[in-house]
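Asks: Input structure.pdb, format and content: PDB, C-alpha atoms, pLDDT in the B column.
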ATOM      1  CA  MET A   1       8.011  17.171  -8.203  1.00 80.00           C
ATOM      2  CA  HIS A   2       7.727  15.774  -4.715  1.00 85.00           C
ATOM      3  CA  TYR A   3       4.580  15.584  -2.573  1.00 88.00           C
ATOM      4  CA  LEU A   4       3.698  14.185   0.854  1.00 88.00           C
ATOM      5  CA  PHE A   5       0.314  12.745   1.787  1.00 88.00           C
ATOM      6  CA  SER A   6      -1.363  11.385   4.904  1.00 85.00           C
ATOM      7  CA  LEU A   7      -2.245   7.700   4.765  1.00 82.00           C
ATOM      8  CA  THR A   8      -5.272   7.376   7.005  1.00 75.00           C
ATOM      9  CA  PRO A   9      -8.504   9.210   7.752  1.00 63.00           C
ATOM     10  CA  ASN A  10      -8.831  11.246  10.920  1.00 62.00           C
ATOM     11  CA  PRO A  11     -10.789  10.274  12.939  1.00 52.00           C
ATOM     12  CA  PRO A  12     -10.216   6.551  12.279  1.00 52.00           C
ATOM     13  CA  VAL A  13     -13.453   5.451  10.631  1.00 50.00           C
ATOM     14  CA  LEU A  14     -14.170   3.050   7.814  1.00 49.00           C
ATOM     15  CA  HIS A  15     -16.876   4.223   5.429  1.00 48.00           C
ATOM     16  CA  HIS A  16     -19.479   1.706   4.416  1.00 45.00           C
ATOM     17  CA  PRO A  17     -21.488   2.664   1.319  1.00 44.00           C
ATOM     18  CA  PRO A  18     -23.330   4.861   0.877  1.00 42.00           C
ATOM     19  CA  ASP A  19     -22.350   7.114   3.785  1.00 50.00           C
ATOM     20  CA  ALA A  20     -22.350   5.229   7.087  1.00 51.00           C
ATOM     21  CA  ALA A  21     -19.233   5.442   9.247  1.00 54.00           C
ATOM     22  CA  VAL A  22     -17.976   2.183  10.783  1.00 58.00           C
ATOM     23  CA  LEU A  23     -15.585   2.212  13.724  1.00 58.00           C
ATOM     24  CA  PRO A  24     -12.631  -0.154  13.184  1.00 65.00           C
ATOM     25  CA  ASP A  25     -12.076  -3.163  15.420  1.00 79.00           C
ATOM     26  CA  ALA A  26      -9.144  -3.324  17.836  1.00 84.00           C
ATOM     27  CA  ALA A  27      -6.702  -4.745  15.281  1.00 84.00           C
ATOM     28  CA  ALA A  28      -7.624  -2.142  12.668  1.00 83.00           C
ATOM     29  CA  LEU A  29      -7.357   0.640  15.243  1.00 85.00           C
ATOM     30  CA  ARG A  30      -3.845  -0.508  16.131  1.00 88.00           C
ATOM     31  CA  SER A  31      -2.946  -0.487  12.447  1.00 89.00           C
ATOM     32  CA  TRP A  32      -4.350   3.046  12.138  1.00 87.00           C
ATOM     33  CA  GLU A  33      -2.081   4.150  14.984  1.00 88.00           C
ATOM     34  CA  VAL A  34       0.912   2.823  13.041  1.00 91.00           C
ATOM     35  CA  LEU A  35      -0.172   4.294   9.703  1.00 91.00           C
ATOM     36  CA  ARG A  36      -0.840   7.762  11.104  1.00 88.00           C
ATOM     37  CA  SER A  37       2.840   8.046  12.068  1.00 90.00           C
ATOM     38  CA  TRP A  38       3.883   7.720   8.408  1.00 92.00           C
ATOM     39  CA  LYS A  39       3.503   9.926   5.341  1.00 92.00           C
ATOM     40  CA  PHE A  40       3.297   8.741   1.758  1.00 93.00           C
ATOM     41  CA  ALA A  41       5.807  10.436  -0.548  1.00 93.00           C
ATOM     42  CA  VAL A  42       5.376  10.691  -4.316  1.00 94.00           C
ATOM     43  CA  ASP A  43       7.660  11.882  -7.104  1.00 94.00           C
ATOM     44  CA  ILE A  44       5.965  12.918 -10.356  1.00 93.00           C
ATOM     45  CA  ASP A  45       8.030  13.026 -13.546  1.00 91.00           C
ATOM     46  CA  GLU A  46       7.937  15.635 -16.312  1.00 88.00           C
ATOM     47  CA  SER A  47       5.187  13.772 -18.154  1.00 90.00           C
ATOM     48  CA  GLY A  48       2.929  13.805 -15.098  1.00 89.00           C
ATOM     49  CA  ALA A  49       3.425  10.096 -14.380  1.00 95.00           C
ATOM     50  CA  ILE A  50       4.267   8.800 -10.916  1.00 96.00           C
ATOM     51  CA  ALA A  51       7.948   7.877 -11.016  1.00 97.00           C
ATOM     52  CA  ARG A  52       8.557   6.813  -7.428  1.00 97.00           C
ATOM     53  CA  THR A  53       6.757   6.406  -4.124  1.00 97.00           C
ATOM     54  CA  TRP A  54       7.989   5.693  -0.617  1.00 96.00           C
ATOM     55  CA  PHE A  55       7.010   6.012   3.016  1.00 95.00           C
ATOM     56  CA  VAL A  56       8.390   8.686   5.336  1.00 94.00           C
ATOM     57  CA  SER A  57       8.471   7.875   9.042  1.00 89.00           C
ATOM     58  CA  GLY A  58       7.618  10.361  11.760  1.00 75.00           C
ATOM     59  CA  ALA A  59      11.276  10.854  12.593  1.00 60.00           C
ATOM     60  CA  GLU A  60      11.980  11.854   8.994  1.00 65.00           C
ATOM     61  CA  GLN A  61       9.110  14.339   8.713  1.00 61.00           C
ATOM     62  CA  SER A  62      10.612  17.184  10.721  1.00 51.00           C
ATOM     63  CA  ASP A  63      11.873  19.034   7.644  1.00 48.00           C
ATOM     64  CA  GLU A  64       8.973  18.068   5.401  1.00 47.00           C
ATOM     65  CA  GLN A  65       5.770  20.030   4.911  1.00 48.00           C
ATOM     66  CA  PRO A  66       2.686  17.774   5.101  1.00 45.00           C
ATOM     67  CA  ASP A  67       0.004  18.262   2.511  1.00 48.00           C
ATOM     68  CA  ALA A  68      -2.960  20.486   3.271  1.00 44.00           C
ATOM     69  CA  PRO A  69      -6.185  19.609   1.401  1.00 47.00           C
ATOM     70  CA  ALA A  70      -6.794  23.207   0.344  1.00 48.00           C
ATOM     71  CA  ASP A  71      -3.309  23.532  -1.073  1.00 56.00           C
ATOM     72  CA  ILE A  72      -2.926  20.311  -3.069  1.00 62.00           C
ATOM     73  CA  PRO A  73      -1.666  21.196  -6.583  1.00 72.00           C
ATOM     74  CA  GLU A  74      -3.572  20.029  -9.621  1.00 80.00           C
ATOM     75  CA  LEU A  75      -1.068  17.262 -10.436  1.00 79.00           C
ATOM     76  CA  ALA A  76      -1.260  15.852  -6.919  1.00 86.00           C
ATOM     77  CA  ALA A  77      -5.034  16.045  -6.483  1.00 88.00           C
ATOM     78  CA  PRO A  78      -5.756  12.661  -8.155  1.00 92.00           C
ATOM     79  CA  ILE A  79      -3.214  10.995  -5.856  1.00 92.00           C
ATOM     80  CA  ALA A  80      -4.825  12.518  -2.767  1.00 90.00           C
ATOM     81  CA  ALA A  81      -8.240  11.346  -3.974  1.00 90.00           C
ATOM     82  CA  ALA A  82      -6.880   7.846  -4.691  1.00 93.00           C
ATOM     83  CA  LEU A  83      -5.377   7.609  -1.192  1.00 92.00           C
ATOM     84  CA  ARG A  84      -8.703   8.582   0.361  1.00 88.00           C
ATOM     85  CA  ALA A  85     -10.410   5.929  -1.762  1.00 89.00           C
ATOM     86  CA  TRP A  86      -7.805   3.340  -0.726  1.00 92.00           C
ATOM     87  CA  ALA A  87      -8.345   4.143   2.973  1.00 88.00           C
ATOM     88  CA  ARG A  88     -12.094   3.611   2.445  1.00 84.00           C
ATOM     89  CA  GLY A  89     -11.428   0.177   0.977  1.00 87.00           C
ATOM     90  CA  GLU A  90     -12.129   0.873  -2.698  1.00 89.00           C
ATOM     91  CA  ALA A  91     -10.708  -2.073  -4.596  1.00 88.00           C
ATOM     92  CA  HIS A  92      -9.284  -0.184  -7.583  1.00 92.00           C
ATOM     93  CA  ALA A  93      -8.370   3.094  -5.904  1.00 93.00           C
ATOM     94  CA  PHE A  94      -5.068   3.494  -7.759  1.00 96.00           C
ATOM     95  CA  ALA A  95      -6.042   2.007 -11.121  1.00 94.00           C
ATOM     96  CA  ALA A  96      -6.429   5.318 -12.962  1.00 94.00           C
ATOM     97  CA  LEU A  97      -3.162   6.896 -11.800  1.00 96.00           C
ATOM     98  CA  PRO A  98      -0.508   7.330 -14.530  1.00 96.00           C
ATOM     99  CA  LEU A  99       2.634   5.356 -13.690  1.00 97.00           C
ATOM    100  CA  HIS A 100       6.162   5.599 -15.046  1.00 96.00           C
ATOM    101  CA  PRO A 101       6.858   2.496 -17.194  1.00 96.00           C
ATOM    102  CA  ALA A 102       8.477  -0.516 -15.559  1.00 97.00           C
ATOM    103  CA  ALA A 103      12.209  -0.874 -16.174  1.00 95.00           C
ATOM    104  CA  THR A 104      12.077  -4.320 -17.825  1.00 97.00           C
ATOM    105  CA  ALA A 105       9.545  -6.703 -19.343  1.00 98.00           C
ATOM    106  CA  PHE A 106       9.860  -8.965 -16.287  1.00 98.00           C
ATOM    107  CA  ALA A 107       9.273  -6.037 -13.950  1.00 98.00           C
ATOM    108  CA  ALA A 108       6.202  -5.106 -16.015  1.00 98.00           C
ATOM    109  CA  ASP A 109       4.854  -8.657 -15.636  1.00 98.00           C
ATOM    110  CA  ILE A 110       5.392  -8.533 -11.877  1.00 98.00           C
ATOM    111  CA  ARG A 111       3.777  -5.087 -11.665  1.00 98.00           C
ATOM    112  CA  ARG A 112       0.712  -6.312 -13.542  1.00 98.00           C
ATOM    113  CA  ALA A 113       0.390  -9.337 -11.255  1.00 98.00           C
ATOM    114  CA  LEU A 114       0.824  -7.221  -8.126  1.00 98.00           C
ATOM    115  CA  MET A 115      -1.855  -4.775  -9.184  1.00 97.00           C
ATOM    116  CA  GLN A 116      -4.273  -7.655  -9.730  1.00 97.00           C
ATOM    117  CA  ILE A 117      -4.033  -8.822  -6.096  1.00 97.00           C
ATOM    118  CA  PRO A 118      -7.361  -7.808  -4.536  1.00 95.00           C
ATOM    119  CA  LEU A 119      -7.336  -5.325  -1.686  1.00 94.00           C
ATOM    120  CA  GLY A 120      -7.514  -7.142   1.641  1.00 93.00           C
ATOM    121  CA  GLU A 121      -5.893 -10.312   0.321  1.00 95.00           C
ATOM    122  CA  VAL A 122      -2.344 -11.664   0.275  1.00 96.00           C
ATOM    123  CA  VAL A 123      -0.492 -14.103  -1.972  1.00 97.00           C
ATOM    124  CA  THR A 124       2.804 -15.938  -1.626  1.00 97.00           C
ATOM    125  CA  TYR A 125       5.897 -15.232  -3.691  1.00 97.00           C
ATOM    126  CA  ALA A 126       5.356 -18.502  -5.537  1.00 97.00           C
ATOM    127  CA  GLU A 127       1.778 -17.483  -6.377  1.00 98.00           C
ATOM    128  CA  LEU A 128       2.977 -14.072  -7.545  1.00 98.00           C
ATOM    129  CA  ALA A 129       5.553 -15.638  -9.869  1.00 98.00           C
ATOM    130  CA  ALA A 130       2.894 -17.935 -11.325  1.00 98.00           C
ATOM    131  CA  ARG A 131       0.394 -15.109 -11.801  1.00 98.00           C
ATOM    132  CA  ALA A 132       3.072 -13.082 -13.580  1.00 98.00           C
ATOM    133  CA  GLY A 133       3.658 -15.941 -16.019  1.00 98.00           C
ATOM    134  CA  HIS A 134       7.038 -16.933 -14.560  1.00 98.00           C
ATOM    135  CA  PRO A 135       6.245 -19.862 -12.228  1.00 97.00           C
ATOM    136  CA  HIS A 136       9.878 -20.900 -11.821  1.00 97.00           C
ATOM    137  CA  ALA A 137      11.174 -17.396 -11.079  1.00 98.00           C
ATOM    138  CA  ILE A 138      10.149 -17.208  -7.424  1.00 97.00           C
ATOM    139  CA  ARG A 139      13.375 -15.620  -6.199  1.00 97.00           C
ATOM    140  CA  ALA A 140      13.360 -13.131  -9.051  1.00 98.00           C
ATOM    141  CA  ALA A 141       9.747 -12.243  -8.198  1.00 98.00           C
ATOM    142  CA  ALA A 142      10.752 -11.662  -4.575  1.00 97.00           C
ATOM    143  CA  SER A 143      13.644  -9.461  -5.719  1.00 97.00           C
ATOM    144  CA  ALA A 144      11.300  -7.472  -7.968  1.00 97.00           C
ATOM    145  CA  CYS A 145       9.056  -6.842  -4.955  1.00 97.00           C
ATOM    146  CA  ALA A 146      12.050  -5.658  -2.940  1.00 96.00           C
ATOM    147  CA  ARG A 147      13.008  -3.246  -5.734  1.00 96.00           C
ATOM    148  CA  ASN A 148       9.460  -2.052  -6.420  1.00 98.00           C
ATOM    149  CA  PRO A 149       9.728   1.721  -7.048  1.00 98.00           C
ATOM    150  CA  LEU A 150       6.014   2.293  -6.426  1.00 98.00           C
ATOM    151  CA  PRO A 151       5.077   0.753  -3.057  1.00 98.00           C
ATOM    152  CA  LEU A 152       1.419   0.933  -2.029  1.00 98.00           C
ATOM    153  CA  ILE A 153       0.268   1.916  -5.528  1.00 98.00           C
ATOM    154  CA  VAL A 154       1.883  -1.291  -6.804  1.00 98.00           C
ATOM    155  CA  PRO A 155       1.071  -3.318  -3.683  1.00 98.00           C
ATOM    156  CA  CYS A 156       4.135  -5.446  -3.007  1.00 98.00           C
ATOM    157  CA  HIS A 157       3.110  -5.461   0.678  1.00 98.00           C
ATOM    158  CA  ARG A 158       0.387  -7.972  -0.245  1.00 98.00           C
ATOM    159  CA  VAL A 159       3.003 -10.619  -1.011  1.00 98.00           C
ATOM    160  CA  VAL A 160       4.040 -12.716   1.977  1.00 96.00           C
ATOM    161  CA  PRO A 161       6.062 -15.851   2.751  1.00 94.00           C
ATOM    162  CA  ALA A 162       4.140 -19.114   2.536  1.00 89.00           C
ATOM    163  CA  ALA A 163       4.382 -19.571   6.301  1.00 80.00           C
ATOM    164  CA  SER A 164       2.532 -16.277   6.829  1.00 68.00           C
ATOM    165  CA  THR A 165      -0.572 -17.502   4.996  1.00 58.00           C
ATOM    166  CA  ARG A 166      -0.689 -20.544   7.256  1.00 52.00           C
ATOM    167  CA  THR A 167      -0.320 -18.600  10.503  1.00 51.00           C
ATOM    168  CA  SER A 168      -2.897 -16.005   9.401  1.00 52.00           C
ATOM    169  CA  GLU A 169      -5.474 -18.784   9.229  1.00 51.00           C
ATOM    170  CA  ARG A 170      -4.904 -19.431  12.951  1.00 52.00           C
ATOM    171  CA  ALA A 171      -6.081 -16.043  14.165  1.00 52.00           C
ATOM    172  CA  THR A 172      -4.701 -16.416  17.689  1.00 50.00           C
ATOM    173  CA  HIS A 173      -2.047 -13.747  17.220  1.00 61.00           C
ATOM    174  CA  THR A 174      -0.905 -11.121  14.753  1.00 66.00           C
ATOM    175  CA  PRO A 175       0.522 -12.915  11.699  1.00 81.00           C
ATOM    176  CA  ASP A 176       4.121 -12.315  10.681  1.00 87.00           C
ATOM    177  CA  TYR A 177       3.772 -11.054   7.112  1.00 94.00           C
ATOM    178  CA  GLY A 178       7.503 -11.062   6.476  1.00 93.00           C
ATOM    179  CA  ASN A 179      10.036  -8.425   5.534  1.00 94.00           C
ATOM    180  CA  TYR A 180       9.286  -5.054   3.988  1.00 96.00           C
ATOM    181  CA  ALA A 181      11.555  -2.239   2.880  1.00 95.00           C
ATOM    182  CA  PHE A 182       9.875   0.095   5.382  1.00 96.00           C
ATOM    183  CA  GLY A 183       9.649  -2.396   8.234  1.00 96.00           C
ATOM    184  CA  ARG A 184       7.498  -5.329   9.281  1.00 95.00           C
ATOM    185  CA  ALA A 185       5.239  -3.161  11.447  1.00 95.00           C
ATOM    186  CA  LEU A 186       4.204  -0.973   8.511  1.00 96.00           C
ATOM    187  CA  LYS A 187       3.611  -3.996   6.264  1.00 97.00           C
ATOM    188  CA  SER A 188       1.393  -5.597   8.905  1.00 96.00           C
ATOM    189  CA  ALA A 189      -0.489  -2.323   9.450  1.00 94.00           C
ATOM    190  CA  LEU A 190      -1.146  -1.880   5.718  1.00 96.00           C
ATOM    191  CA  ILE A 191      -2.495  -5.424   5.359  1.00 96.00           C
ATOM    192  CA  THR A 192      -4.589  -5.223   8.537  1.00 93.00           C
ATOM    193  CA  TRP A 193      -6.125  -1.877   7.557  1.00 91.00           C
ATOM    194  CA  GLU A 194      -6.908  -3.150   4.056  1.00 92.00           C
ATOM    195  CA  LYS A 195      -8.591  -6.261   5.431  1.00 91.00           C
ATOM    196  CA  ALA A 196     -10.716  -4.134   7.770  1.00 88.00           C
ATOM    197  CA  ALA A 197     -11.570  -1.646   5.020  1.00 85.00           C
ATOM    198  CA  LYS A 198     -12.597  -4.456   2.675  1.00 83.00           C
ATOM    199  CA  LYS A 199     -14.778  -6.030   5.370  1.00 80.00           C
ATOM    200  CA  ALA A 200     -16.443  -2.695   6.164  1.00 76.00           C
ATOM    201  CA  GLY A 201     -17.140  -2.027   2.489  1.00 65.00           C
TER
END
What do you get writing this file as structure tokens?

Replies:
Amino acid sequence: MHYLFSLTPNPPVLHHPPDAAVLPDAAALRSWEVLRSWKFAVDIDESGAIARTWFVSGAEQSDEQPDAPADIPELAAPIAAALRAWARGEAHAFAALPLHPAATAFAADIRRALMQIPLGEVVTYAELAARAGHPHAIRAAASACARNPLPLIVPCHRVVPAASTRTSERATHTPDYGNYAFGRALKSALITWEKAAKKAG
């Protein structure tokens, strides 16, 4: 079963507990403009587990029917709720969602390490490999990120080249967070929104 979801709240506000709305800064607002042009697609398998996720660009949405909150089926409702929680900056928004098992033991190790990266933070590929228990398998860790079947829920976008972590410390320009299956602009927007959401929360 296939479902489409919006990624960002409308209007673009960050919710600070318990109920105060915080307007995003300029960088976060730019990221919101990017994110609102994408939809989040989810395939659910026969067991009810999430088998695959991907992003659908605006150009690809013409033949797709966006989700409507009143019409979200029971199976998809927890995903919609988790996405709203993620957009608010909740650290473990996706933790309770049932996921299709990883294809290999190595992929399972990488998935576990990815899901332990805190929202609003990034790590390098070398750090990911070490956290997964495979410190010498940096290239294999990078390949596992590239083949990740569950982007966003398993946040491979939070893994960046080592050079990106250095440039992000010099906040004079937008950091280059490296390649992403759905484009550098989307990867940067996801990271920027998460950083803003974490700060607001």

Asks: As a ChimeraX atom specification, please: the residues near range 29-37 of chain A (cut-off 8 Å, all atoms listed in the file, same-chain neighbours under 2 positions excluded).

Replies: /A:6-8,12,24-27,39,57-58,185-186,188-190,192-193

Asks: In terms of the shortest atom-to-atom distance over all atoms listed in the file, which of A:Pro78, A:Pro118, A:Pro98, A:Pro73 is closest to Lys195 in chain A?

Replies: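 So, comparing all the options, the nearest one is A:Pro118.
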
Asks: Write out as a PDB file with C-alpha atoms, in the frame of the given file which residues come within 8 Å of Ala41 in chain A when counting only C-alpha atoms, dropping same-chain ones fewer than 6 positions away.

Replies:
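Saved to out.pdb:
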ATOM      1  CA  HIS A   2       7.727  15.774  -4.715  1.00 85.00           C
ATOM      2  CA  TYR A   3       4.580  15.584  -2.573  1.00 88.00           C
ATOM      3  CA  LEU A   4       3.698  14.185   0.854  1.00 88.00           C
ATOM      4  CA  PHE A   5       0.314  12.745   1.787  1.00 88.00           C
ATOM      5  CA  THR A  53       6.757   6.406  -4.124  1.00 97.00           C
ATOM      6  CA  TRP A  54       7.989   5.693  -0.617  1.00 96.00           C
ATOM      7  CA  PHE A  55       7.010   6.012   3.016  1.00 95.00           C
ATOM      8  CA  VAL A  56       8.390   8.686   5.336  1.00 94.00           C
TER       9      VAL A  56
END

Asks: Applied to the shown file, which residues does the PyMOL selection byres ((chain A and resi 178) around 10) return, written as a list in words?

Replies: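 Those residues are His157, Val159, Val160, Pro161, Ala162, Ala163, Ser164, Pro175, Asp176, Tyr177, Asn179, Tyr180, Gly183, Arg184, Ala185, Lys187 and Ser188 of chain A.
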
Asks: Pull out every residue that the PyMOL selection byres ((chain A and resi 93) around 12) matches in the shown coordinates and put them as a ChimeraX atom specification.

Replies: /A:78-92,94-97,115,118-119,152-155,194

Asks: Given the file above and the PyMOL selection byres ((chain A and resi 138-141) around 8), which residues are selected, and can you give them as a PyMOL selection string?

Replies: chain A and resi 110+125-126+128-129+134-137+142-145

Asks: What is the CA of Ala102 in chain A-CA of Pro149 in chain A distance in Å, reported with one decimal?

Replies: 8.9 Å

Asks: Which is closer to Ala197 in chain A than all the others in A:Pro101, A:Gly120, A:Arg131, A:Gly48, using all atoms listed in the file?

Replies: A:Gly120

Asks: So what do you get for CA of Cys156 in chain A versus CA of Ala49 in chain A, distance-wise?

Replies: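 Distance between the two atoms: 19.3 Å.
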